[in-house]
Amino acid sequence: MSSAKTLLAGSLGEQREGLDRGDVRALDLALASLDRISARAALAAVVARRDEAALASAEASDKRIAAGKPLSALDGIPVLLKDNIVQAGESASCASRILENYVSPFDAGVTERLQAAGAIIVGRTNMDEFAMGSSTENSIHGPSHNPWGTDRTCGGSSGGSAAAVSAGLVPLAFGSDTGGSIRQPASFCGVAGLRPTYGRVSRWGLVAYASSLDQIGPLARSVSDCAIALAAIAGHDERDSTSIPEAAPTLGDLLKSDASKGDLSGVVIGLPREYFVEEGVEPGVLARVREAIASLEAAGATFKEISLPHTAYTIATYYLIATAEASSNLARFDGVRYGRRADHVKDLADLYERSRSEGFSAEVKRRILLGTYVLSAGYYDAYYVKAQRVRTLIRRDFEAAFETCDAILTPTTPEIAFPLGAKSDDPLSMYLSDVYTVSANLAGLPGLSVPCGQSEGMPVGFQLLGPALGEAAILRIGDAYQSRTEHHLASPPEKI
Ligand code: GLN
């Protein structure tokens, strides 16, 4: 008999078994998760909890399980949602003053699917305002702390979700990735994080930052748990016009069976020359990634050098397109239709101006200004159109590369988690945190970050990129790696 507290730290498979055997109740797991959220409140990973509603759902789950009819692998499992994935009746602040008191009247597509799968949504996680950032410091709820070193950031913008999984508050949390916001915090906190192919998972009810780049995905301790989560949330949604009309993959589609999972013979993995420049990467990070390569080679994978020639332009292209789309998406927050409205205004123009000036932080304003500028008549061709052209070239680089390899491996980030405050006054250096992750978003591809050890006591991750709808390729490689190594089983120290 395992106690709920012990089981909460286990894998989704162990939790399923424990629940189905009747060792623990879903109610006990939910209570253990809520207790853990209180015990680690100082991490500021969770910004809203739903004790009563979660416990009621857990009781309903227990009835189904007792009747031998769990809805899915996730029935009775506590999960957290990033604060930009809406749930009916719950707040969705997006860490912004402008949405501070906003309560969503509807469920996101992902929220609906998780509930239909029986998952117990226990609360909402901290993030950078409107998912703009790489450190979860830019939040009205204050910065989240990295469980591995609480004076360090947990990455961003889905930092609360990464910290929550890393510190064992829940086994599974969801984030959004526009330029790396699932993979970079996963890497900083020593957990696995999957950004699915663009269009694989519904964006209905995900508060939009940059619509052509945004995608929801899971963060969990293991790659196989990410696969279970993807199978639950993927699939076509008519309400998202960019949703791919394909059925959700099953777990069997995404992972190899137990007997064959450690074997990668026949798998070819590309190493892009442009991503392995020594000056760009911390030596400790590079060393861990090289060890991961050796371990995948031992599993039978073959590595080859490849080239992604337009890599140098990815950050510039990303920040032109992302800010352009953000300036348009965030126009809806005007104090009239949504969110906070300024008091005692003179007239309509004053209402717009003051509501927006008071509601958005400096970083969000910077991006709205930049985006408006690149879309303005005089500069549209010079910046926005050019960025779209380069985006096509970046996508073609990947198409050519995937003619010769099954997946691509890179470091997830050039560095380990940086100290809180280290980059707050230097937006450019913050933007460079995403140098290895943004290309997948520009090309619409799936990406997975897998923990591969530590440098200076902080986690390091490597990234696997796959072709469009090629989640199975990268999940199988990541899972094979984890079946041969133990880095994903390491837990952060129990302090704070
Ligand atoms: N850090 C990047 C940005 O600030 C990526 C954010 C994200 O993926 N949501 O735009």
# chains A, B, ... in the order shown; residues from 1 in each chain; ligands from 1
call {"tool": "residues_near_ligand", "arguments": {"ligand": "ligand 1", "cutoff": "9 Å", "atoms": "only C-alpha atoms and all ligand atoms", "output": "number ranges by chain"}}
result
A: 128, 130-135, 155-158, 175-184, 209-210, 213-215, 318-319, 322-323, 430-434, 437-438, 441
call {"tool": "write_last_selection", "arguments": {"atoms": "N, CA, C and O atoms", "output": "compact mmCIF listing (two decimals), in the first residue's frame"}}
result
# COMPACT_ATOMS: atom_id res chain seq x y z
N ASP A 128 4.95 34.45 -17.01
CA ASP A 128 5.24 35.83 -17.39
C ASP A 128 3.98 36.42 -18.00
O ASP A 128 3.24 35.73 -18.71
N PHE A 130 1.14 37.57 -20.03
CA PHE A 130 0.73 37.21 -21.39
C PHE A 130 1.75 36.29 -22.07
O PHE A 130 1.88 36.30 -23.29
N ALA A 131 2.48 35.52 -21.27
CA ALA A 131 3.46 34.55 -21.79
C ALA A 131 4.65 35.21 -22.47
O ALA A 131 5.34 34.59 -23.28
N MET A 132 4.88 36.49 -22.12
CA MET A 132 6.01 37.21 -22.72
C MET A 132 7.16 37.22 -21.72
O MET A 132 7.17 38.02 -20.79
N GLY A 133 8.11 36.33 -21.93
CA GLY A 133 9.25 36.32 -21.04
C GLY A 133 9.88 34.96 -20.96
O GLY A 133 9.37 33.98 -21.51
N SER A 134 11.02 34.90 -20.27
CA SER A 134 11.80 33.67 -20.17
C SER A 134 12.19 33.40 -18.73
O SER A 134 13.16 32.69 -18.47
N SER A 135 11.46 33.97 -17.77
CA SER A 135 11.91 33.82 -16.38
C SER A 135 10.78 33.78 -15.35
O SER A 135 11.05 33.60 -14.17
N GLY A 155 12.80 29.83 -15.23
CA GLY A 155 12.58 29.93 -16.67
C GLY A 155 11.17 30.43 -16.93
O GLY A 155 10.39 30.69 -16.00
N GLY A 156 10.84 30.60 -18.20
CA GLY A 156 9.50 31.10 -18.49
C GLY A 156 9.17 30.93 -19.96
O GLY A 156 9.99 30.47 -20.73
N SER A 157 7.98 31.20 -20.31
CA SER A 157 6.99 31.82 -19.45
C SER A 157 6.16 30.83 -18.65
O SER A 157 5.45 31.25 -17.74
N SER A 158 6.27 29.51 -18.94
CA SER A 158 5.48 28.54 -18.17
C SER A 158 6.26 28.10 -16.93
O SER A 158 6.25 26.91 -16.58
N GLY A 175 1.45 24.00 -20.05
CA GLY A 175 1.98 25.32 -20.33
C GLY A 175 1.68 25.68 -21.77
O GLY A 175 0.99 24.94 -22.49
N SER A 176 2.19 26.83 -22.20
CA SER A 176 2.07 27.19 -23.62
C SER A 176 3.46 27.58 -24.09
O SER A 176 4.28 28.06 -23.30
N ASP A 177 3.72 27.33 -25.36
CA ASP A 177 5.07 27.53 -25.91
C ASP A 177 4.93 28.30 -27.21
O ASP A 177 4.42 27.78 -28.21
N THR A 178 5.36 29.56 -27.18
CA THR A 178 5.30 30.44 -28.34
C THR A 178 6.68 30.57 -28.96
O THR A 178 6.83 30.74 -30.17
N GLY A 179 7.69 30.49 -28.07
CA GLY A 179 9.07 30.57 -28.56
C GLY A 179 10.00 29.72 -27.70
O GLY A 179 11.22 29.86 -27.77
N GLY A 180 9.41 28.89 -26.85
CA GLY A 180 10.25 28.05 -25.98
C GLY A 180 9.72 27.94 -24.57
O GLY A 180 10.34 27.33 -23.70
N SER A 181 8.56 28.52 -24.33
CA SER A 181 8.06 28.67 -22.95
C SER A 181 7.67 27.40 -22.24
O SER A 181 7.36 27.45 -21.06
N ILE A 182 7.65 26.26 -22.93
CA ILE A 182 7.51 24.98 -22.22
C ILE A 182 8.90 24.37 -22.05
O ILE A 182 9.29 23.95 -20.96
N ARG A 183 9.68 24.37 -23.13
CA ARG A 183 10.96 23.65 -23.12
C ARG A 183 12.01 24.32 -22.25
O ARG A 183 12.75 23.64 -21.52
N GLN A 184 12.10 25.65 -22.30
CA GLN A 184 13.14 26.34 -21.53
C GLN A 184 12.91 26.19 -20.02
O GLN A 184 13.82 25.79 -19.30
N TYR A 209 -1.11 35.05 -27.52
CA TYR A 209 0.04 35.95 -27.53
C TYR A 209 0.41 36.16 -29.00
O TYR A 209 0.17 37.22 -29.57
N ALA A 210 0.95 35.13 -29.65
CA ALA A 210 1.25 35.21 -31.07
C ALA A 210 0.63 33.97 -31.72
O ALA A 210 1.17 32.87 -31.64
N LEU A 213 2.25 31.04 -33.56
CA LEU A 213 3.37 30.37 -32.89
C LEU A 213 2.94 29.62 -31.63
O LEU A 213 3.59 28.66 -31.21
N ASP A 214 1.84 30.07 -31.00
CA ASP A 214 1.39 29.51 -29.71
C ASP A 214 0.99 28.04 -29.84
O ASP A 214 0.33 27.66 -30.81
N GLN A 215 1.31 27.26 -28.82
CA GLN A 215 0.82 25.89 -28.77
C GLN A 215 0.86 25.43 -27.31
O GLN A 215 1.81 25.71 -26.59
N TYR A 318 11.75 35.83 -35.06
CA TYR A 318 10.74 35.53 -34.02
C TYR A 318 10.23 36.82 -33.38
O TYR A 318 9.03 37.01 -33.22
N TYR A 319 11.13 37.70 -32.98
CA TYR A 319 10.67 38.89 -32.25
C TYR A 319 9.95 39.89 -33.15
O TYR A 319 9.18 40.71 -32.65
N ALA A 322 6.40 37.68 -33.56
CA ALA A 322 5.69 37.54 -32.28
C ALA A 322 5.14 38.89 -31.81
O ALA A 322 4.00 38.98 -31.35
N THR A 323 5.94 39.95 -31.94
CA THR A 323 5.45 41.24 -31.44
C THR A 323 4.35 41.79 -32.36
O THR A 323 3.39 42.40 -31.89
N MET A 430 17.67 38.63 -22.22
CA MET A 430 16.56 37.72 -21.89
C MET A 430 16.07 37.05 -23.18
O MET A 430 15.82 35.84 -23.20
N TYR A 431 15.95 37.81 -24.27
CA TYR A 431 15.44 37.25 -25.52
C TYR A 431 16.37 36.14 -26.04
O TYR A 431 15.92 35.19 -26.68
N LEU A 432 17.67 36.26 -25.72
CA LEU A 432 18.63 35.28 -26.24
C LEU A 432 18.53 33.92 -25.54
O LEU A 432 19.08 32.94 -26.00
N SER A 433 17.80 33.87 -24.43
CA SER A 433 17.53 32.59 -23.75
C SER A 433 16.84 31.60 -24.68
O SER A 433 16.84 30.41 -24.44
N ASP A 434 16.16 32.14 -25.69
CA ASP A 434 15.32 31.30 -26.56
C ASP A 434 16.02 30.93 -27.85
O ASP A 434 15.37 30.45 -28.78
N THR A 437 15.27 27.47 -29.07
CA THR A 437 13.88 26.96 -29.07
C THR A 437 12.98 27.63 -30.11
O THR A 437 12.06 26.99 -30.61
N VAL A 438 13.23 28.90 -30.45
CA VAL A 438 12.25 29.62 -31.29
C VAL A 438 12.11 29.04 -32.70
O VAL A 438 11.05 29.18 -33.32
N ASN A 441 9.10 26.88 -33.26
CA ASN A 441 7.83 27.61 -33.35
C ASN A 441 7.68 28.25 -34.72
O ASN A 441 6.60 28.23 -35.31
call {"tool": "select_by_dssp", "arguments": {"residues": "segment 129-354 of chain A", "states": "helix (DSSP H, G or I)", "output": "MDAnalysis selection string"}}
result
chainID A and resid 129:131 159:166 183:189 223:233 251:254 258:260 273:275 278:280 283:298 311:332 348:354
call {"tool": "write_last_selection", "arguments": {"atoms": "C-alpha atoms", "output": "short mmCIF file (atom, residue, chain, number, x, y, z; two decimals), in the first residue's frame"}}
result
data_model
loop_
_atom_site.label_atom_id
_atom_site.label_comp_id
_atom_site.auth_asym_id
_atom_site.auth_seq_id
_atom_site.Cartn_x
_atom_site.Cartn_y
_atom_site.Cartn_z
CA GLU A 129 2.57 38.37 -18.24
CA PHE A 130 0.73 37.21 -21.39
CA ALA A 131 3.46 34.55 -21.79
CA GLY A 159 7.79 28.69 -15.13
CA GLY A 160 5.05 28.03 -12.59
CA SER A 161 4.11 24.78 -14.33
CA ALA A 162 7.76 23.65 -14.49
CA ALA A 163 8.43 24.52 -10.84
CA ALA A 164 5.20 22.78 -9.77
CA VAL A 165 6.14 19.49 -11.44
CA SER A 166 9.75 19.72 -10.31
CA ARG A 183 10.96 23.65 -23.12
CA GLN A 184 13.14 26.34 -21.53
CA PRO A 185 11.50 26.21 -18.05
CA ALA A 186 11.39 22.39 -18.26
CA SER A 187 15.13 22.45 -18.84
CA PHE A 188 15.76 24.96 -16.01
CA CYS A 189 13.71 22.89 -13.53
CA VAL A 223 8.84 11.69 -21.38
CA SER A 224 6.35 8.82 -21.19
CA ASP A 225 4.10 10.92 -18.93
CA CYS A 226 4.24 13.71 -21.55
CA ALA A 227 3.11 11.15 -24.14
CA ILE A 228 0.14 10.13 -21.96
CA ALA A 229 -0.80 13.81 -21.64
CA LEU A 230 -0.48 14.50 -25.36
CA ALA A 231 -2.75 11.57 -26.20
CA ALA A 232 -5.34 13.12 -23.86
CA ILE A 233 -5.27 16.70 -25.17
CA LEU A 251 -0.33 6.18 -26.51
CA GLY A 252 0.66 3.19 -28.62
CA ASP A 253 1.21 5.54 -31.59
CA LEU A 254 3.51 7.72 -29.48
CA ASP A 258 8.27 -1.78 -22.94
CA ALA A 259 10.24 -4.58 -24.52
CA SER A 260 11.70 -2.51 -27.35
CA ARG A 273 26.45 22.60 -36.70
CA GLU A 274 25.07 26.10 -36.00
CA TYR A 275 23.74 25.05 -32.55
CA GLU A 278 31.33 26.61 -28.19
CA GLU A 279 31.24 30.38 -27.54
CA GLY A 280 27.45 30.35 -27.43
CA PRO A 283 30.68 24.46 -20.99
CA GLY A 284 28.70 22.60 -18.30
CA VAL A 285 25.64 22.53 -20.55
CA LEU A 286 27.61 21.35 -23.57
CA ALA A 287 29.28 18.60 -21.53
CA ARG A 288 25.93 17.19 -20.32
CA VAL A 289 24.46 17.32 -23.83
CA ARG A 290 27.48 15.47 -25.22
CA GLU A 291 27.03 12.78 -22.55
CA ALA A 292 23.38 12.43 -23.59
CA ILE A 293 24.51 11.99 -27.20
CA ALA A 294 26.91 9.23 -26.10
CA SER A 295 24.15 7.49 -24.21
CA LEU A 296 21.80 7.62 -27.23
CA GLU A 297 24.62 6.26 -29.37
CA ALA A 298 24.99 3.38 -26.93
CA THR A 311 19.75 29.80 -37.71
CA ALA A 312 21.40 33.20 -37.23
CA TYR A 313 18.13 34.93 -38.15
CA THR A 314 15.76 33.02 -35.89
CA ILE A 315 15.69 35.37 -32.88
CA ALA A 316 15.23 38.50 -35.01
CA THR A 317 12.53 36.83 -37.11
CA TYR A 318 10.74 35.53 -34.02
CA TYR A 319 10.67 38.89 -32.25
CA LEU A 320 9.32 40.65 -35.36
CA ILE A 321 6.53 38.15 -35.94
CA ALA A 322 5.69 37.54 -32.28
CA THR A 323 5.45 41.24 -31.44
CA ALA A 324 3.43 42.02 -34.60
CA GLU A 325 0.88 39.35 -33.69
CA ALA A 326 0.91 40.36 -30.02
CA SER A 327 0.14 43.99 -30.85
CA SER A 328 -2.93 42.84 -32.74
CA ASN A 329 -4.04 40.18 -30.21
CA LEU A 330 -3.68 42.48 -27.23
CA ALA A 331 -5.78 45.24 -28.84
CA ARG A 332 -8.84 43.52 -27.35
CA LEU A 348 -13.38 57.41 -24.49
CA ALA A 349 -9.80 58.08 -25.61
CA ASP A 350 -8.79 58.64 -21.99
CA LEU A 351 -10.54 55.39 -21.01
CA TYR A 352 -8.55 53.36 -23.56
CA GLU A 353 -5.30 55.09 -22.81
CA ARG A 354 -5.48 54.87 -19.05
#
call {"tool": "residues_around", "arguments": {"residues": "Ala401 of chain A", "least_positions_apart": "3", "cutoff": "10 Å", "atoms": "only C-alpha atoms", "output": "mmCIF file with N, CA and C atoms, in the first residue's frame"}}
result
data_model
loop_
_atom_site.group_PDB
_atom_site.id
_atom_site.type_symbol
_atom_site.label_atom_id
_atom_site.label_comp_id
_atom_site.auth_asym_id
_atom_site.auth_seq_id
_atom_site.Cartn_x
_atom_site.Cartn_y
_atom_site.Cartn_z
ATOM 1 N N GLY A 270 20.134 14.181 -36.218
ATOM 2 C CA GLY A 270 20.982 15.245 -36.760
ATOM 3 C C GLY A 270 21.457 16.189 -35.665
ATOM 4 N N LEU A 271 22.713 16.612 -35.789
ATOM 5 C CA LEU A 271 23.265 17.611 -34.861
ATOM 6 C C LEU A 271 23.566 18.863 -35.681
ATOM 7 N N PRO A 272 22.761 19.919 -35.537
ATOM 8 C CA PRO A 272 22.993 21.100 -36.377
ATOM 9 C C PRO A 272 24.286 21.823 -35.969
ATOM 10 N N ILE A 306 24.409 18.078 -39.365
ATOM 11 C CA ILE A 306 23.545 18.673 -40.379
ATOM 12 C C ILE A 306 23.716 20.188 -40.308
ATOM 13 N N SER A 307 23.099 20.898 -41.250
ATOM 14 C CA SER A 307 23.177 22.355 -41.217
ATOM 15 C C SER A 307 21.777 22.946 -41.318
ATOM 16 N N LEU A 308 21.529 23.947 -40.496
ATOM 17 C CA LEU A 308 20.295 24.748 -40.597
ATOM 18 C C LEU A 308 20.777 26.166 -40.882
ATOM 19 N N ARG A 395 11.793 27.350 -42.218
ATOM 20 C CA ARG A 395 10.992 26.131 -42.322
ATOM 21 C C ARG A 395 11.596 25.176 -43.355
ATOM 22 N N ARG A 396 12.076 25.760 -44.467
ATOM 23 C CA ARG A 396 12.680 24.906 -45.514
ATOM 24 C C ARG A 396 13.974 24.262 -45.029
ATOM 25 N N ASP A 397 14.734 24.976 -44.205
ATOM 26 C CA ASP A 397 15.957 24.374 -43.626
ATOM 27 C C ASP A 397 15.598 23.063 -42.929
ATOM 28 N N PHE A 398 14.512 23.111 -42.151
ATOM 29 C CA PHE A 398 14.114 21.908 -41.407
ATOM 30 C C PHE A 398 13.602 20.824 -42.348
ATOM 31 N N THR A 404 17.065 13.776 -44.234
ATOM 32 C CA THR A 404 18.243 12.950 -43.954
ATOM 33 C C THR A 404 18.312 12.444 -42.518
ATOM 34 N N CYS A 405 17.405 12.877 -41.647
ATOM 35 C CA CYS A 405 17.442 12.371 -40.265
ATOM 36 C C CYS A 405 16.017 12.290 -39.706
ATOM 37 N N ASP A 406 15.867 11.497 -38.630
ATOM 38 C CA ASP A 406 14.538 11.303 -38.033
ATOM 39 C C ASP A 406 14.216 12.384 -37.016
ATOM 40 N N ALA A 407 15.260 12.916 -36.384
ATOM 41 C CA ALA A 407 15.072 13.936 -35.352
ATOM 42 C C ALA A 407 16.351 14.755 -35.277
ATOM 43 N N ILE A 408 16.249 15.901 -34.606
ATOM 44 C CA ILE A 408 17.405 16.789 -34.451
ATOM 45 C C ILE A 408 17.626 16.983 -32.960
ATOM 46 N N PRO A 467 9.927 16.290 -37.181
ATOM 47 C CA PRO A 467 9.156 16.837 -38.307
ATOM 48 C C PRO A 467 7.698 17.081 -37.881
#
call {"tool": "closest_atom_pairs", "arguments": {"of": "segment 104-154 of chain A", "to": "segment 17-38 of chain A", "cutoff": "12 Å", "atoms": "only C-alpha atoms", "output": "Markdown table"}}
result
| residue | atom | partner | partner_atom | distance |
| --- | --- | --- | --- | --- |
| A:Gly118 | CA | A:Ala26 | CA | 10.3 |
| A:Ala119 | CA | A:Ala26 | CA | 9.7 |
| A:Ile120 | CA | A:Ala30 | CA | 7.4 |
| A:Ile121 | CA | A:Ala30 | CA | 9.0 |
| A:Val122 | CA | A:Leu34 | CA | 7.2 |
| A:Gly123 | CA | A:Leu34 | CA | 8.9 |
| A:Arg124 | CA | A:Ile37 | CA | 10.9 |
| A:Thr125 | CA | A:Ile37 | CA | 10.8 |
call {"tool": "select_by_dssp", "arguments": {"residues": "segment 90-210 of chain A", "states": "strand (DSSP E)", "output": "list in words"}}
result
Ile120, Ile121, Val122, Gly123, Arg124, Thr125, Leu172, Ala173, Phe174, Gly175, Ser176, Ala192, Gly193, Leu194 and Arg195 of chain A
call {"tool": "write_last_selection", "arguments": {"atoms": "all heavy atoms", "output": "compact mmCIF listing (two decimals), in the first residue's frame"}}
result
# COMPACT_ATOMS: atom_id res chain seq x y z
N ILE A 120 -8.04 15.84 -12.51
CA ILE A 120 -8.51 16.73 -11.46
C ILE A 120 -7.69 18.03 -11.53
O ILE A 120 -6.50 18.04 -11.19
CB ILE A 120 -8.31 16.09 -10.06
CG1 ILE A 120 -8.83 14.64 -10.04
CG2 ILE A 120 -8.96 16.95 -8.97
CD1 ILE A 120 -10.30 14.48 -10.34
N ILE A 121 -8.32 19.11 -11.99
CA ILE A 121 -7.59 20.38 -12.12
C ILE A 121 -7.57 21.06 -10.76
O ILE A 121 -8.61 21.50 -10.27
CB ILE A 121 -8.24 21.25 -13.21
CG1 ILE A 121 -8.23 20.49 -14.55
CG2 ILE A 121 -7.48 22.59 -13.33
CD1 ILE A 121 -9.05 21.12 -15.65
N VAL A 122 -6.39 21.09 -10.13
CA VAL A 122 -6.32 21.60 -8.75
C VAL A 122 -6.03 23.10 -8.68
O VAL A 122 -6.20 23.71 -7.63
CB VAL A 122 -5.29 20.82 -7.89
CG1 VAL A 122 -5.76 19.40 -7.64
CG2 VAL A 122 -3.90 20.83 -8.51
N GLY A 123 -5.57 23.70 -9.78
CA GLY A 123 -5.32 25.14 -9.72
C GLY A 123 -4.61 25.63 -10.96
O GLY A 123 -4.59 24.95 -11.99
N ARG A 124 -4.03 26.85 -10.82
CA ARG A 124 -3.47 27.55 -11.97
C ARG A 124 -2.06 28.02 -11.65
O ARG A 124 -1.77 28.39 -10.52
CB ARG A 124 -4.39 28.71 -12.35
CG ARG A 124 -5.85 28.24 -12.49
CD ARG A 124 -6.81 29.32 -12.90
NE ARG A 124 -6.43 29.93 -14.15
CZ ARG A 124 -6.64 29.40 -15.35
NH1 ARG A 124 -7.25 28.23 -15.47
NH2 ARG A 124 -6.26 30.03 -16.44
N THR A 125 -1.20 28.02 -12.67
CA THR A 125 0.21 28.31 -12.39
C THR A 125 0.65 29.68 -12.87
O THR A 125 0.10 30.27 -13.80
CB THR A 125 1.12 27.24 -13.06
OG1 THR A 125 0.86 27.24 -14.46
CG2 THR A 125 0.88 25.86 -12.48
N LEU A 172 1.71 16.41 -13.28
CA LEU A 172 1.52 16.87 -14.65
C LEU A 172 0.96 18.29 -14.64
O LEU A 172 0.02 18.57 -13.89
CB LEU A 172 0.51 15.91 -15.32
CG LEU A 172 0.06 16.19 -16.74
CD1 LEU A 172 1.24 16.14 -17.71
CD2 LEU A 172 -1.00 15.15 -17.16
N ALA A 173 1.57 19.16 -15.46
CA ALA A 173 1.04 20.52 -15.58
C ALA A 173 1.10 20.91 -17.04
O ALA A 173 1.82 20.30 -17.84
CB ALA A 173 1.88 21.48 -14.73
N PHE A 174 0.31 21.93 -17.39
CA PHE A 174 0.26 22.35 -18.79
C PHE A 174 0.78 23.76 -18.93
O PHE A 174 0.60 24.60 -18.04
CB PHE A 174 -1.17 22.20 -19.33
CG PHE A 174 -1.55 20.75 -19.40
CD1 PHE A 174 -2.05 20.09 -18.28
CD2 PHE A 174 -1.31 20.02 -20.55
CE1 PHE A 174 -2.33 18.74 -18.31
CE2 PHE A 174 -1.59 18.66 -20.59
CZ PHE A 174 -2.11 18.01 -19.48
N GLY A 175 1.45 24.00 -20.05
CA GLY A 175 1.98 25.32 -20.33
C GLY A 175 1.68 25.68 -21.77
O GLY A 175 0.99 24.94 -22.49
N SER A 176 2.19 26.83 -22.20
CA SER A 176 2.07 27.19 -23.62
C SER A 176 3.46 27.58 -24.09
O SER A 176 4.28 28.06 -23.30
CB SER A 176 1.09 28.34 -23.81
OG SER A 176 1.58 29.51 -23.17
N ALA A 192 10.55 17.10 -17.94
CA ALA A 192 10.36 16.97 -19.39
C ALA A 192 9.26 17.92 -19.83
O ALA A 192 8.29 18.13 -19.09
CB ALA A 192 9.98 15.52 -19.72
N GLY A 193 9.40 18.50 -21.01
CA GLY A 193 8.38 19.42 -21.52
C GLY A 193 8.24 19.25 -23.02
O GLY A 193 9.24 19.21 -23.74
N LEU A 194 7.00 19.12 -23.46
CA LEU A 194 6.73 18.88 -24.89
C LEU A 194 5.93 20.01 -25.49
O LEU A 194 4.85 20.35 -25.01
CB LEU A 194 5.93 17.57 -25.05
CG LEU A 194 5.43 17.28 -26.47
CD1 LEU A 194 6.58 16.92 -27.40
CD2 LEU A 194 4.41 16.14 -26.45
N ARG A 195 6.47 20.61 -26.56
CA ARG A 195 5.69 21.51 -27.39
C ARG A 195 5.24 20.71 -28.61
O ARG A 195 6.07 20.25 -29.40
CB ARG A 195 6.56 22.69 -27.86
CG ARG A 195 5.81 23.60 -28.85
CD ARG A 195 6.71 24.24 -29.86
NE ARG A 195 6.08 24.18 -31.16
CZ ARG A 195 5.17 25.04 -31.62
NH1 ARG A 195 4.80 26.06 -30.90
NH2 ARG A 195 4.64 24.89 -32.81
call {"tool": "closest_atom_pairs", "arguments": {"of": "segment 161-217 of chain A", "to": "segment 83-104 of chain A", "cutoff": "6 Å", "atoms": "only C-alpha atoms", "output": "JSON lines"}}
result
{"residue": "A:Gly205", "atom": "CA", "partner": "A:Val86", "partner_atom": "CA", "distance": 5.5}
{"residue": "A:Leu206", "atom": "CA", "partner": "A:Ile85", "partner_atom": "CA", "distance": 4.6}
{"residue": "A:Val207", "atom": "CA", "partner": "A:Asn84", "partner_atom": "CA", "distance": 5.3}
call {"tool": "closest_residue", "arguments": {"among": "A:Val201, A:Ala440, A:Val390, A:Leu448", "to": "Pro249 of chain A", "atoms": "only C-alpha atoms"}}
result
A:Val201
call {"tool": "atom_distance", "arguments": {"atom1": "atom CA of Glu137 of chain A", "atom2": "atom CA of Thr410 of chain A"}}
result
25.9 Å
call {"tool": "closest_residue", "arguments": {"among": "A:Gln463, A:Gln454, A:Ser439, A:Thr197", "to": "Gly217 of chain A", "atoms": "only C-alpha atoms"}}
result
A:Thr197
call {"tool": "atom_distance", "arguments": {"atom1": "atom CA of Arg152 of chain A", "atom2": "atom CA of Gly421 of chain A"}}
result
8.5 Å
call {"tool": "residues_around", "arguments": {"residues": "Phe333 of chain A", "least_positions_apart": "4", "cutoff": "8 Å", "atoms": "only C-alpha atoms", "output": "PyMOL selection string"}}
result
chain A and resi 98+337-339+356
call {"tool": "atom_distance", "arguments": {"atom1": "atom CA of Ala299 of chain A", "atom2": "atom CA of Leu264 of chain A"}}
result
5.4 Å
call {"tool": "residues_around", "arguments": {"residues": "Ala480 of chain A", "least_positions_apart": "6", "cutoff": "7 Å", "atoms": "only C-alpha atoms", "output": "list in words"}}
result
Lys261, Gly262 and Asp263 of chain A
call {"tool": "closest_residue", "arguments": {"among": "A:Asp107, A:Ala443, A:Val79, A:Leu74", "to": "Ala54 of chain A", "atoms": "only C-alpha atoms"}}
result
A:Val79
call {"tool": "residues_around", "arguments": {"residues": "Arg366 of chain A", "least_positions_apart": "5", "cutoff": "10 Å", "atoms": "only C-alpha atoms", "output": "list in words"}}
result
Thr323, Ser327, Phe360, Ser361, Gly371, Thr372 and Pro427 of chain A
call {"tool": "closest_residue", "arguments": {"among": "A:Gly10, A:Gly470, A:Gly359, A:Gly149", "to": "Leu255 of chain A", "atoms": "only C-alpha atoms"}}
result
A:Gly470
